[in-house]
Each structure stands twice: as structure tokens, then as C-alpha cells.
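Structure file target-v7.txt; described as compact mmCIF, C-alpha atoms.
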```txt
# COMPACT_ATOMS: atom_id res chain seq x y z
CA MET I 335 10.89 -19.52 6.62
CA ALA I 336 8.57 -17.02 8.31
CA SER I 337 8.29 -13.57 6.79
CA SER I 338 10.02 -10.76 8.67
CA LYS I 339 7.34 -8.35 7.54
CA LEU I 340 4.28 -7.27 9.53
CA ASN I 341 1.18 -8.92 8.07
CA VAL I 342 -1.57 -6.35 7.53
CA ALA I 343 -4.98 -6.06 5.90
CA ILE I 344 -6.90 -3.12 4.50
CA LEU I 345 -10.64 -2.82 5.08
CA GLY I 346 -12.24 -0.46 2.58
CA THR I 347 -11.52 -0.50 -1.13
CA GLY I 348 -12.48 3.05 -2.06
CA ASN I 349 -10.02 5.65 -3.31
CA ILE I 350 -8.27 6.10 0.03
CA GLY I 351 -8.02 2.36 0.62
CA THR I 352 -6.66 1.69 -2.86
CA ASP I 353 -4.06 4.44 -2.59
CA LEU I 354 -3.10 3.04 0.81
CA LEU I 355 -2.71 -0.42 -0.72
CA ILE I 356 -0.08 0.81 -3.16
CA LYS I 357 1.82 2.54 -0.37
CA VAL I 358 1.75 -0.62 1.76
CA MET I 359 2.99 -2.72 -1.16
CA ARG I 360 5.95 -0.36 -1.57
CA SER I 361 6.92 -0.77 2.09
CA LYS I 362 9.88 -2.97 2.94
CA VAL I 363 8.42 -4.03 6.30
CA LEU I 364 4.68 -4.45 5.59
CA ASP I 365 2.95 -7.28 3.75
CA CYS I 366 -0.69 -6.84 2.69
CA ARG I 367 -2.37 -10.21 3.16
CA LEU I 368 -5.92 -9.07 2.36
CA PHE I 369 -7.75 -6.20 0.66
CA ALA I 370 -11.35 -6.43 1.84
CA GLY I 371 -14.47 -4.62 0.67
CA ARG I 372 -17.99 -5.37 -0.50
CA ASN I 373 -17.88 -5.42 -4.29
CA LEU I 374 -15.45 -7.55 -6.30
CA SER I 375 -16.11 -5.47 -9.41
CA SER I 376 -15.28 -2.11 -7.81
CA PRO I 377 -12.32 -0.17 -9.26
CA GLY I 378 -10.35 -0.62 -6.06
CA MET I 379 -10.92 -4.36 -5.87
CA THR I 380 -10.05 -4.70 -9.54
CA LYS I 381 -6.80 -2.82 -8.94
CA GLY I 382 -5.98 -5.09 -6.01
CA SER I 383 -6.54 -8.19 -8.13
CA LEU I 384 -4.32 -6.80 -10.89
CA LEU I 385 -1.59 -6.29 -8.27
CA ASN I 386 -1.96 -9.95 -7.19
CA VAL I 387 -3.15 -8.99 -3.71
CA PRO I 388 -5.67 -11.40 -2.09
CA VAL I 389 -9.08 -9.73 -2.17
CA SER I 390 -12.37 -10.43 -0.44
CA ALA I 391 -15.89 -9.09 -0.87
CA ARG I 392 -16.82 -10.27 2.64
CA GLY I 393 -15.69 -7.07 4.31
CA MET I 394 -15.14 -7.36 8.04
CA GLN I 395 -15.90 -11.09 8.01
CA GLY I 396 -13.08 -11.59 5.53
CA ILE I 397 -10.71 -9.94 8.01
CA LEU I 398 -11.94 -12.11 10.89
CA ASP I 399 -11.57 -15.28 8.83
CA LEU I 400 -7.88 -14.44 8.40
CA LYS I 401 -7.23 -12.97 11.86
CA ASP I 402 -4.68 -15.59 12.92
CA GLU I 403 -2.45 -14.54 10.02
CA LEU I 404 -2.72 -10.80 10.64
CA ALA I 405 -1.25 -8.32 13.12
CA LEU I 406 -2.78 -5.03 11.99
CA VAL I 407 -5.77 -3.75 10.02
CA PHE I 408 -6.12 -0.38 8.34
CA ASP I 409 -9.79 0.65 8.57
CA ALA I 410 -10.54 2.93 5.61
CA THR I 411 -14.33 2.69 5.79
CA SER I 412 -16.34 5.40 7.62
CA ALA I 413 -16.68 6.71 11.15
CA GLU I 414 -19.99 4.88 11.58
CA ASP I 415 -18.51 1.59 10.36
CA HIS I 416 -15.40 1.91 12.52
CA ILE I 417 -17.52 2.25 15.65
CA LYS I 418 -18.97 -1.18 14.78
CA ASN I 419 -15.63 -2.65 13.71
CA ALA I 420 -13.48 -1.52 16.65
CA PRO I 421 -14.72 -4.09 19.23
CA LEU I 422 -14.34 -6.85 16.64
CA PHE I 423 -10.73 -5.86 16.00
CA ARG I 424 -10.05 -5.83 19.73
CA ARG I 425 -11.58 -9.27 20.34
CA ALA I 426 -9.59 -10.65 17.40
CA GLY I 427 -6.34 -9.28 18.86
CA LEU I 428 -5.68 -7.04 15.88
CA VAL I 429 -4.16 -3.58 16.06
CA ALA I 430 -6.55 -1.17 14.35
CA VAL I 431 -5.32 1.87 12.44
CA ASP I 432 -8.41 4.02 12.00
CA LEU I 433 -8.40 6.34 8.98
CA THR I 434 -11.89 7.63 9.78
CA PRO I 435 -12.75 10.49 12.17
CA ALA I 436 -14.41 8.07 14.62
CA LYS I 437 -12.18 9.34 17.45
CA LEU I 438 -12.30 6.04 19.38
CA GLY I 439 -8.62 5.18 19.70
CA ARG I 440 -5.48 7.10 20.64
CA LEU I 441 -5.06 10.12 18.37
CA CYS I 442 -1.79 9.79 16.47
CA VAL I 443 0.31 12.31 14.57
CA PRO I 444 3.58 10.49 13.77
CA ALA I 445 5.73 13.63 13.88
CA VAL I 446 4.40 14.47 17.34
CA ASN I 447 3.53 11.36 19.37
CA LEU I 448 4.42 8.23 17.39
CA ALA I 449 6.34 6.47 20.19
CA GLU I 450 3.45 6.96 22.62
CA CYS I 451 1.03 5.17 20.28
CA LEU I 452 2.94 1.96 19.55
CA ASP I 453 1.40 0.03 22.45
CA GLU I 454 -2.16 1.08 21.65
CA PRO I 455 -4.68 -1.47 20.26
CA ASN I 456 -6.49 1.25 18.30
CA VAL I 457 -4.90 4.39 16.88
CA ASN I 458 -6.84 7.13 15.13
CA MET I 459 -5.18 9.12 12.34
CA ILE I 460 -7.57 12.00 13.11
CA THR I 461 -8.27 13.71 9.75
CA CYS I 462 -6.34 14.97 6.76
CA GLY I 463 -6.66 18.51 8.07
CA GLY I 464 -5.56 17.33 11.49
CA GLN I 465 -2.43 15.67 10.14
CA ALA I 466 -1.55 18.86 8.27
CA ALA I 467 -2.44 21.40 10.96
CA ILE I 468 -1.82 19.79 14.34
CA PRO I 469 1.99 19.57 14.09
CA LEU I 470 2.15 23.28 13.23
CA ALA I 471 -0.30 24.21 15.97
CA GLN I 472 1.59 22.11 18.50
CA VAL I 473 4.95 23.79 17.92
CA ILE I 474 3.34 27.24 17.74
CA ALA I 475 1.83 26.57 21.17
CA ARG I 476 5.15 25.27 22.52
CA ALA I 477 6.95 28.37 21.25
CA ASN I 478 4.35 30.75 22.65
CA PRO I 479 3.03 29.97 26.14
CA GLY I 480 -0.33 31.51 26.89
CA ILE I 481 -1.88 30.98 23.46
CA THR I 482 -5.62 31.72 23.66
CA TYR I 483 -7.11 30.53 20.33
CA ILE I 484 -6.11 28.31 17.41
CA GLU I 485 -7.91 27.87 14.11
CA SER I 486 -7.14 25.61 11.15
CA VAL I 487 -8.52 26.16 7.67
CA SER I 488 -8.02 23.43 5.07
CA SER I 489 -8.94 23.83 1.40
CA ILE I 490 -9.12 20.73 -0.76
CA ALA I 491 -10.31 19.93 -4.26
CA SER I 492 -13.97 18.99 -4.28
CA ARG I 493 -13.14 16.01 -6.49
CA SER I 494 -10.83 14.61 -3.79
CA ALA I 495 -13.66 14.48 -1.24
CA GLY I 496 -15.42 11.17 -1.74
CA PRO I 497 -18.74 9.95 -0.30
CA ALA I 498 -17.22 8.84 3.02
CA THR I 499 -15.63 12.26 3.52
CA ARG I 500 -18.88 14.06 2.76
CA ILE I 501 -21.05 11.99 5.11
CA ASN I 502 -18.46 12.43 7.89
CA LEU I 503 -18.07 16.23 7.68
CA ASP I 504 -19.43 16.81 11.18
CA GLU I 505 -17.13 14.14 12.61
CA TYR I 506 -14.24 15.60 10.61
CA LEU I 507 -14.67 19.05 12.17
CA GLN I 508 -15.25 17.73 15.69
CA THR I 509 -12.27 15.37 15.60
CA THR I 510 -9.94 17.99 14.12
CA GLU I 511 -10.94 20.53 16.77
CA TYR I 512 -10.48 17.95 19.53
CA GLY I 513 -7.04 17.07 18.16
CA LEU I 514 -6.03 20.73 18.14
CA GLN I 515 -7.10 21.04 21.77
CA LEU I 516 -5.41 17.82 22.85
CA PHE I 517 -2.03 18.50 21.26
CA THR I 518 -1.79 22.21 22.06
CA GLY I 519 -3.52 22.51 25.41
CA CYS I 520 -5.52 25.42 24.00
CA ALA I 521 -9.15 25.35 25.13
CA HIS I 522 -10.52 27.42 22.24
CA THR I 523 -10.05 25.88 18.78
CA LYS I 524 -11.89 25.84 15.48
CA ALA I 525 -11.55 23.73 12.33
CA ILE I 526 -12.82 24.75 8.89
CA LEU I 527 -12.88 22.66 5.71
CA ASN I 528 -13.45 24.21 2.28
CA LEU I 529 -14.30 22.00 -0.69
CA ASN I 530 -13.12 23.92 -3.73
CA PRO I 531 -14.80 23.03 -7.07
CA ALA I 532 -12.24 24.98 -9.15
CA GLN I 533 -10.82 23.52 -12.36
CA PRO I 534 -8.01 22.64 -12.61
CA CYS I 535 -8.23 21.10 -9.15
CA VAL I 536 -6.46 22.87 -6.30
CA HIS I 537 -3.88 21.11 -4.16
CA MET I 538 -4.52 20.81 -0.44
CA GLN I 539 -3.59 23.90 1.57
CA THR I 540 -3.91 24.27 5.32
CA THR I 541 -3.59 27.50 7.27
CA VAL I 542 -3.07 27.68 11.01
CA LEU I 543 -4.00 30.93 12.77
CA ALA I 544 -3.31 31.64 16.44
CA LYS I 545 -4.14 34.44 18.84
CA ILE I 546 -1.05 35.25 20.91
CA ASP I 547 -0.51 38.36 23.02
CA GLU I 548 3.26 38.55 22.51
CA PRO I 549 4.38 36.06 19.82
CA ASP I 550 8.02 34.96 19.74
CA LEU I 551 8.38 34.99 15.96
CA PRO I 552 12.06 33.88 15.63
CA ARG I 553 11.53 30.90 17.97
CA THR I 554 8.27 30.00 16.26
CA ARG I 555 9.82 30.06 12.80
CA ALA I 556 12.72 27.85 13.88
CA MET I 557 10.45 25.29 15.53
CA VAL I 558 7.99 25.25 12.61
CA ALA I 559 10.83 24.72 10.11
CA ALA I 560 12.13 21.77 12.16
CA MET I 561 8.67 20.24 12.37
CA VAL I 562 8.12 20.58 8.62
CA GLU I 563 11.34 18.67 7.96
CA GLU I 564 10.24 15.96 10.38
CA ILE I 565 6.91 15.55 8.58
CA ARG I 566 8.59 15.46 5.17
CA ARG I 567 10.33 12.25 6.25
CA TYR I 568 7.03 10.41 5.76
CA VAL I 569 4.99 12.96 3.72
CA PRO I 570 7.40 14.13 0.98
CA GLY I 571 4.83 16.53 -0.50
CA TYR I 572 4.39 18.54 2.73
CA GLU I 573 5.70 22.06 2.09
CA LEU I 574 5.67 25.27 4.11
CA ILE I 575 4.46 27.98 1.72
CA LEU I 576 3.99 30.76 4.26
CA ALA I 577 6.46 30.90 7.14
CA PRO I 578 4.98 32.12 10.44
CA MET I 579 4.14 35.81 10.33
CA VAL I 580 2.00 38.22 12.33
CA GLU I 581 -1.00 39.74 10.57
CA TYR I 582 -3.86 41.72 12.12
CA GLY I 583 -2.88 40.54 15.59
CA ARG I 584 -2.77 36.86 14.58
CA LEU I 585 0.15 34.52 13.98
CA VAL I 586 -0.35 32.79 10.63
CA ALA I 587 1.42 29.88 8.88
CA MET I 588 0.41 27.89 5.79
CA VAL I 589 1.38 24.56 4.25
CA ARG I 590 0.60 22.84 0.98
CA VAL I 591 0.42 19.08 0.52
CA ASP I 592 1.10 17.48 -2.85
CA GLY I 593 0.20 13.82 -3.22
CA LEU I 594 2.63 11.18 -4.42
CA GLY I 595 0.28 10.22 -7.28
CA ASP I 596 0.30 6.52 -6.36
CA TYR I 597 -3.33 5.89 -7.26
CA LEU I 598 -4.93 9.29 -6.97
CA PRO I 599 -4.07 12.60 -8.68
CA ARG I 600 -1.29 14.59 -7.10
CA TYR I 601 -3.76 17.30 -6.09
CA ALA I 602 -5.34 14.84 -3.62
CA GLY I 603 -2.78 15.64 -0.93
CA ASN I 604 -5.54 15.42 1.68
CA LEU I 605 -5.84 11.68 1.10
CA ASP I 606 -2.10 11.24 0.68
CA ILE I 607 -1.15 12.79 4.02
CA ILE I 608 -3.44 10.59 6.11
CA ASN I 609 -2.32 7.47 4.25
CA CYS I 610 1.35 8.38 4.67
CA ALA I 611 0.75 8.94 8.39
CA ALA I 612 -0.97 5.56 8.73
CA VAL I 613 1.88 3.78 6.94
CA ALA I 614 4.45 5.60 9.10
CA PHE I 615 2.76 4.25 12.22
CA ALA I 616 2.53 0.70 10.86
CA GLU I 617 6.16 0.71 9.73
CA ALA I 618 7.31 1.92 13.16
CA LEU I 619 5.32 -0.88 14.79
CA ALA I 620 6.83 -3.40 12.36
CA GLN I 621 10.36 -2.18 13.07
CA ARG I 622 9.83 -2.39 16.81
CA ARG I 623 8.46 -5.93 16.61
CA ARG I 624 11.37 -7.01 14.44
CA ALA I 625 13.81 -5.51 16.94
```
Would it be possible to restate this file's structure as C-alpha cells?
Amino acid sequence: MASSKLNVAILGTGNIGTDLLIKVMRSKVLDCRLFAGRNLSSPGMTKGSLLNVPVSARGMQGILDLKDELALVFDATSAEDHIKNAPLFRRAGLVAVDLTPAKLGRLCVPAVNLAECLDEPNVNMITCGGQAAIPLAQVIARANPGITYIESVSSIASRSAGPATRINLDEYLQTTEYGLQLFTGCAHTKAILNLNPAQPCVHMQTTVLAKIDEPDLPRTRAMVAAMVEEIRRYVPGYELILAPMVEYGRLVAMVRVDGLGDYLPRYAGNLDIINCAAVAFAEALAQRRRA
């Protein structure tokens, strides 16, 4: 009897890929058929083997060898690698969920535009800061027509920023800023990322600041609260810690993201939120195909 689950693979066995693997295994509608990387002795690959997940050290070629059994691939490599991988996914007929800031596919924030992305062959989960900030920025812009400037500032623990994050910092900032523009319609945006070396490690916090001539604070607060509840459906650790307020002529709101602690420490909410968003997209696609 054929499985009713959506067959998926994960490319990239670093921290983010391994955490994603555990989330996929917990899903009732996703089945991980391959965990592919480059080194069978890596901690991630070892974890996959211990969980009885098929693993491969052949990377992208391992995915292509199994393409007839797969529907979707999570690409948790790097922006540079995804640019090379994307045409291979397309030719193989595989939906690509890009967890890098490569900005090739349709930008997806599940709480904002999930339904619009389900027919796309390549969806980009933007960045961790984008997933945290864009929903807030979008409703702030909807509540306040004529917004002139939006800025997002994300602070994460330095220990939660791995090699791929560090080599993609320029792409991270560019993609986050582009996402803010795209989802808000505001031409002037800025994204800032702070890597905090403090001990004990800080949890992810993201602040959204907006320049608005005459902010509608009651409407903004109501819409932000509703959006936070929507995000918490797939990111349980997403919490509003500063409700929208006006300070020095700016509207300010702040959220904190606690991770689920599946593979990484709970302070690594930056990795957790992008993985949760990716799984939310894949599960929605699986549900639609089952229906």
C-alpha cells in the first residue's frame, strides 16, 4: 500500500539540517526518505543513522539518484550551493524549499502568503530575521498607509550562527531587506543582524521599527496580536515581548523566539523559526496533495 505521506529529502547535514530532520520525522504527513551530505562521520549524519533515516554522503547526486521516489527537497546548504542546485531540482521535477538566502524562488512567509506559494517549484524561506520580522512589518504597513521606512534588527547568540550563516551575511541582509520591501510595499528598508557573544547565550530577539507620520496605534496593536497568534501555530516559541508603541517618532515592536530544543539549544530560535516555517510549507503542500 502506498504511503499517504509526502516523500521528502534533506540536503545539508549541518546543525540546521539535523534540527530540520527531527522536525520532519515528527510530522504526520512528511516522510524523510534521504538525509544527504558530504561526510558520513559528521555529527548530523551520525544522528540521522541513529534515527534509522537513510543517509548518503553523495550530496546532490544522492538526491538525484532517488528523484523518482521524492516530491520535495529541503536545501539546507548555502546560498552559493543553492544557486547550483536549483536548476537540478527543477529538471528532476522536485519542489525545492530553500533555507538559504539565495533569493531565487518565491519568497515565503507561511503566516502571510502560504497559499500563494503552493504551486511554486522553488520557495525561499528568506532568512531567520525575515521570518521573525516580515509578518510584523507587513501588518504594521497594512494598519498604517503611507509608511516611509522600516527597519528590522535581529540579535542572535553568536554560537547559533554557524559557518554557512557567517559566509552568507551579505546575502542575509540583502534578502531580508528585499523581503521587507516586497511584503510591505515600503521602498526604504534596512536589516541589521547582531551576533551576540554573551554567556549564557541570548535567545533570538527581533525588533521592527517604522517611520509613520500618524500611526494608528490601537489598530496596529490588534493586527500585530492576531499575526503573532497565527505564527505561533507553527512556531510555538514566537512571543511578542514589546507590543507596538511610539518612541522618538518611531513605531516599535519586538518579538523573542525560543527554539523547541529538538537538536539545538533552545536559545537557537533563529534556526528554529526558519525550520518551522519550512516544515509548515511542506505540510501544507502534503495536505493539499492528499486532498
Closest of I:Asn478, I:Gln515, I:Ala616, I:Arg493 to Leu340 of chain I - atom-to-atom distances counting only C-alpha atoms:
I:Ala616
Kindly list the centre and edge lengths in Å, rounded to one decimal, for the axis-aligned box that covers all listed atoms of segment 608-617 of chain I plus 8 Å on each of its six sides, as JSON.
```
{"center_x": 1.4, "center_y": 5.6, "center_z": 8.2, "size_x": 25.6, "size_y": 25.9, "size_z": 24.0}
```
Could you check the closest approach to Ala475 of chain I for each of I:Thr518, I:Asn386, I:Asn349, I:Asn530 and tell me which residue wins, using only C-alpha atoms?
I:Thr518
Just the residues within 6 Å of segment 592-607 of chain I, please, counting all atoms listed in the file, with nothing from its chain fewer than 5 positions along; format it as a PyMOL selection string.
chain I and resi 353+462+494+537-538+571
Could you state the separation of atom CA of Val487 of chain I and atom CA of Gln465 of chain I in Å, given to one decimal place?
12.4 Å
Looking at I:Ala491, I:Met459, I:Leu404, I:Val358, which one is nearest to Ala445 of chain I, with distances taken over only C-alpha atoms?
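Smallest separation from Ala445 of chain I among the options: I:Met459.
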Non-local contacts of Ala618 of chain I (9 Å; all atoms listed in the file; under 5 positions in same chain excluded) as a list in words:
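Answer for this query is Leu448, Ala449, Leu452, Val613 and Arg623 of chain I.
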Go ahead and save the residues from that selection, with C-alpha atoms, as a compact mmCIF listing (two decimals), in the coordinates of the input.
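Result file follows (again-v6.txt):
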```
# COMPACT_ATOMS: atom_id res chain seq x y z
CA LEU I 448 4.42 8.23 17.39
CA ALA I 449 6.34 6.47 20.19
CA LEU I 452 2.94 1.96 19.55
CA VAL I 613 1.88 3.78 6.94
CA ARG I 623 8.46 -5.93 16.61
```
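Among the candidate residues I:Ile490, I:Gly382, I:Leu507, I:Gly351, the one lying nearest to Cys535 of chain I is I:Ile490, with distances computed using all atoms listed in the file.
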When you look at Ser390 of chain I with a cut-off of 7 Å (counting all atoms listed in the file), what residues show up, excluding the ones that are within fewer than 6 positions of it in the same chain? I need them as a PyMOL selection string.
chain I and resi 369-371+396
Output C-alpha atoms for every residue in that selection, as a compact mmCIF listing (two decimals), in the coordinates of the input.
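Dumped to out_12.txt:
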```txt
# COMPACT_ATOMS: atom_id res chain seq x y z
CA PHE I 369 -7.75 -6.20 0.66
CA ALA I 370 -11.35 -6.43 1.84
CA GLY I 371 -14.47 -4.62 0.67
CA GLY I 396 -13.08 -11.59 5.53
```
Here is a test: counting all atoms listed in the file, which residue of I:Ile350, I:Met394, I:Cys366, I:Val589 is nearest to Leu470 of chain I?
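The shortest atom-to-atom distance to Leu470 of chain I comes from I:Val589.
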Contact residues around Val342 of chain I with all atoms listed in the file at 10 Å, ignoring same-chain residues under 4 positions, as a ChimeraX atom specification:
/I:358,364-369,397,401,403-408,428-430,616
Completion step: segment 583-604 of chain I with N, CA and C atoms as an mmCIF file, in the frame of the given file:
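File written: selection25.cif
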```cif
data_model
loop_
_atom_site.group_PDB
_atom_site.id
_atom_site.type_symbol
_atom_site.label_atom_id
_atom_site.label_comp_id
_atom_site.auth_asym_id
_atom_site.auth_seq_id
_atom_site.Cartn_x
_atom_site.Cartn_y
_atom_site.Cartn_z
ATOM 1 N N GLY I 583 -2.868 41.049 14.230
ATOM 2 C CA GLY I 583 -2.880 40.540 15.590
ATOM 3 C C GLY I 583 -2.940 39.028 15.704
ATOM 4 N N ARG I 584 -2.765 38.325 14.572
ATOM 5 C CA ARG I 584 -2.770 36.860 14.580
ATOM 6 C C ARG I 584 -1.450 36.338 14.046
ATOM 7 N N LEU I 585 -0.999 35.209 14.571
ATOM 8 C CA LEU I 585 0.150 34.520 13.980
ATOM 9 C C LEU I 585 -0.389 33.539 12.946
ATOM 10 N N VAL I 586 0.168 33.580 11.747
ATOM 11 C CA VAL I 586 -0.350 32.790 10.630
ATOM 12 C C VAL I 586 0.772 31.986 9.989
ATOM 13 N N ALA I 587 0.496 30.712 9.646
ATOM 14 C CA ALA I 587 1.420 29.880 8.880
ATOM 15 C C ALA I 587 0.586 29.014 7.936
ATOM 16 N N MET I 588 1.162 28.661 6.784
ATOM 17 C CA MET I 588 0.410 27.890 5.790
ATOM 18 C C MET I 588 1.283 26.822 5.150
ATOM 19 N N VAL I 589 0.683 25.646 4.937
ATOM 20 C CA VAL I 589 1.380 24.560 4.250
ATOM 21 C C VAL I 589 0.550 24.088 3.060
ATOM 22 N N ARG I 590 1.238 23.467 2.139
ATOM 23 C CA ARG I 590 0.600 22.840 0.980
ATOM 24 C C ARG I 590 1.031 21.383 0.966
ATOM 25 N N VAL I 591 0.113 20.504 0.575
ATOM 26 C CA VAL I 591 0.420 19.080 0.520
ATOM 27 C C VAL I 591 0.158 18.561 -0.883
ATOM 28 N N ASP I 592 1.212 18.122 -1.544
ATOM 29 C CA ASP I 592 1.100 17.480 -2.850
ATOM 30 C C ASP I 592 1.136 15.970 -2.663
ATOM 31 N N GLY I 593 0.219 15.271 -3.314
ATOM 32 C CA GLY I 593 0.200 13.820 -3.220
ATOM 33 C C GLY I 593 1.328 13.181 -4.016
ATOM 34 N N LEU I 594 1.591 11.921 -3.705
ATOM 35 C CA LEU I 594 2.630 11.180 -4.420
ATOM 36 C C LEU I 594 2.142 10.676 -5.773
ATOM 37 N N GLY I 595 0.817 10.691 -6.006
ATOM 38 C CA GLY I 595 0.280 10.220 -7.280
ATOM 39 C C GLY I 595 0.300 8.717 -7.411
ATOM 40 N N ASP I 596 0.237 7.987 -6.298
ATOM 41 C CA ASP I 596 0.300 6.520 -6.360
ATOM 42 C C ASP I 596 -0.923 5.930 -7.050
ATOM 43 N N TYR I 597 -2.095 6.343 -6.623
ATOM 44 C CA TYR I 597 -3.330 5.890 -7.260
ATOM 45 C C TYR I 597 -4.208 7.076 -7.618
ATOM 46 N N LEU I 598 -4.124 8.097 -6.804
ATOM 47 C CA LEU I 598 -4.930 9.290 -6.970
ATOM 48 C C LEU I 598 -4.130 10.415 -7.595
ATOM 49 N N PRO I 599 -4.800 11.438 -8.137
ATOM 50 C CA PRO I 599 -4.070 12.600 -8.680
ATOM 51 C C PRO I 599 -3.241 13.277 -7.610
ATOM 52 N N ARG I 600 -2.193 13.946 -8.043
ATOM 53 C CA ARG I 600 -1.290 14.590 -7.100
ATOM 54 C C ARG I 600 -1.987 15.707 -6.301
ATOM 55 N N TYR I 601 -3.081 16.251 -6.845
ATOM 56 C CA TYR I 601 -3.760 17.300 -6.090
ATOM 57 C C TYR I 601 -4.447 16.752 -4.836
ATOM 58 N N ALA I 602 -4.644 15.447 -4.759
ATOM 59 C CA ALA I 602 -5.340 14.840 -3.620
ATOM 60 C C ALA I 602 -4.401 14.651 -2.434
ATOM 61 N N GLY I 603 -3.706 15.709 -2.061
ATOM 62 C CA GLY I 603 -2.780 15.640 -0.930
ATOM 63 C C GLY I 603 -3.492 15.350 0.373
ATOM 64 N N ASN I 604 -4.785 15.697 0.467
ATOM 65 C CA ASN I 604 -5.540 15.420 1.680
ATOM 66 C C ASN I 604 -5.637 13.923 1.949
#
```
